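> What follows is a structure written as structure tokens; I'll ask about it next.
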Amino acid sequence: MTPREMALTIAKALDSKKGLDIKVLETGPLTTLADYFVICTATSTTQVKALADECEKVMKEAGELPHHVEGHRGGTWVLLDFSSVVVHLFMEEAREFYDLERLWKDAPELDLREVLTPNGPQGEG
């Protein structure tokens with residue numbers, strides 16, 4: 001599985017669990033940290049955990065395990081590091097605080113229209 005396929009698989013998994021404002025940034029040309037950042041907002045600490053669990057589940061099924069997990073699953077954010085893809089799950093306030101989209105504004109954003117559910121959570125406010 002290529003890093004791009006991993007990022008898109010994760011985005012689809014987050015969408016299936018009603019993650020909000022899912023973005024995939026292509027960070028490879030800008031940093032050695034990862035080829036892609038996947039960013040998603042959760043509406044509760046319970047959803048943060050559910051989103052993290054779903055990411056781990058679909059990636060394990062694809063033969064990929066996270067190399068590192070940070071944050072507290074009962075808290076406001078979790079980071080899952082799959083080496084070439086890093087997943088950032090935030091409650092809205094934490095996402096605004098860290099503002100990764102601003103920090104990585106030079107990273108191209110992947111078009112997720114073919115991956116995410118039309119008129120699903122992505123279309124909401």
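Chain labels run A, B, ... following the order of the structure tokens; each chain numbers its residues from 1, and ligands are numbered from 1 in the order shown.
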As number ranges by chain, please: all residues of range 22-70 of chain A that backbone DSSP puts in strand (DSSP E or B).
A: 22-26, 36-42, 68-70
> Determine, using only C-alpha atoms, which residues of range 23-64 of chain A have any atom at most 9 Å from an atom of range 73-85 of chain A, and tabulate each with its shortest atom pair and distance in Å to one decimal place, rows ordered by chain and then rising number, as a tab-separated table.

```
residue	atom	partner	partner_atom	distance
A:Gly28	CA	A:Ser84	CA	8.4
A:Thr32	CA	A:Ser84	CA	8.9
A:Leu33	CA	A:Ser84	CA	7.6
A:Ala34	CA	A:Ser84	CA	4.5
A:Asp35	CA	A:Ser84	CA	5.0
A:Tyr36	CA	A:Val85	CA	4.8
A:Phe37	CA	A:Val85	CA	5.8
A:Val38	CA	A:Val85	CA	7.3
A:Ala42	CA	A:Thr76	CA	8.5
A:Ser44	CA	A:Thr76	CA	7.8
A:Thr45	CA	A:Gly75	CA	5.5
A:Thr46	CA	A:Gly74	CA	6.7
A:Val48	CA	A:Arg73	CA	6.5
A:Lys49	CA	A:Arg73	CA	4.9
A:Ala50	CA	A:Arg73	CA	8.7
A:Ala52	CA	A:Val78	CA	7.1
A:Cys55	CA	A:Leu80	CA	8.3
A:Glu56	CA	A:Leu80	CA	8.3
A:Met59	CA	A:Phe82	CA	8.8
A:Glu64	CA	A:Phe82	CA	7.3
```
> Near Glu54 in chain A, within 12 Å and counting only C-alpha atoms, which residues show up once chain neighbours fewer than 4 positions away are dropped, as a list in words?
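So the residues in contact are Thr9, Ile10, Ala11, Lys12, Ala13, Leu14, Asp15, Ser16, Lys17, Lys18, Gly19, Gln47, Val48, Lys49, Ala50, Val58, Met59, Lys60, Glu61, Leu80, Val87 and Leu89 of chain A.
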> When distances are computed from only C-alpha atoms, which of A:Lys57, A:Lys23, A:Arg95, A:Arg4 shows the smallest separation from Thr43 in chain A?
A:Arg95
> Take CA of Leu51 in chain A and CA of Pro108 in chain A and report the distance between them in Å, one decimal.
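CA of Pro108 in chain A lies 23.7 Å from CA of Leu51 in chain A.
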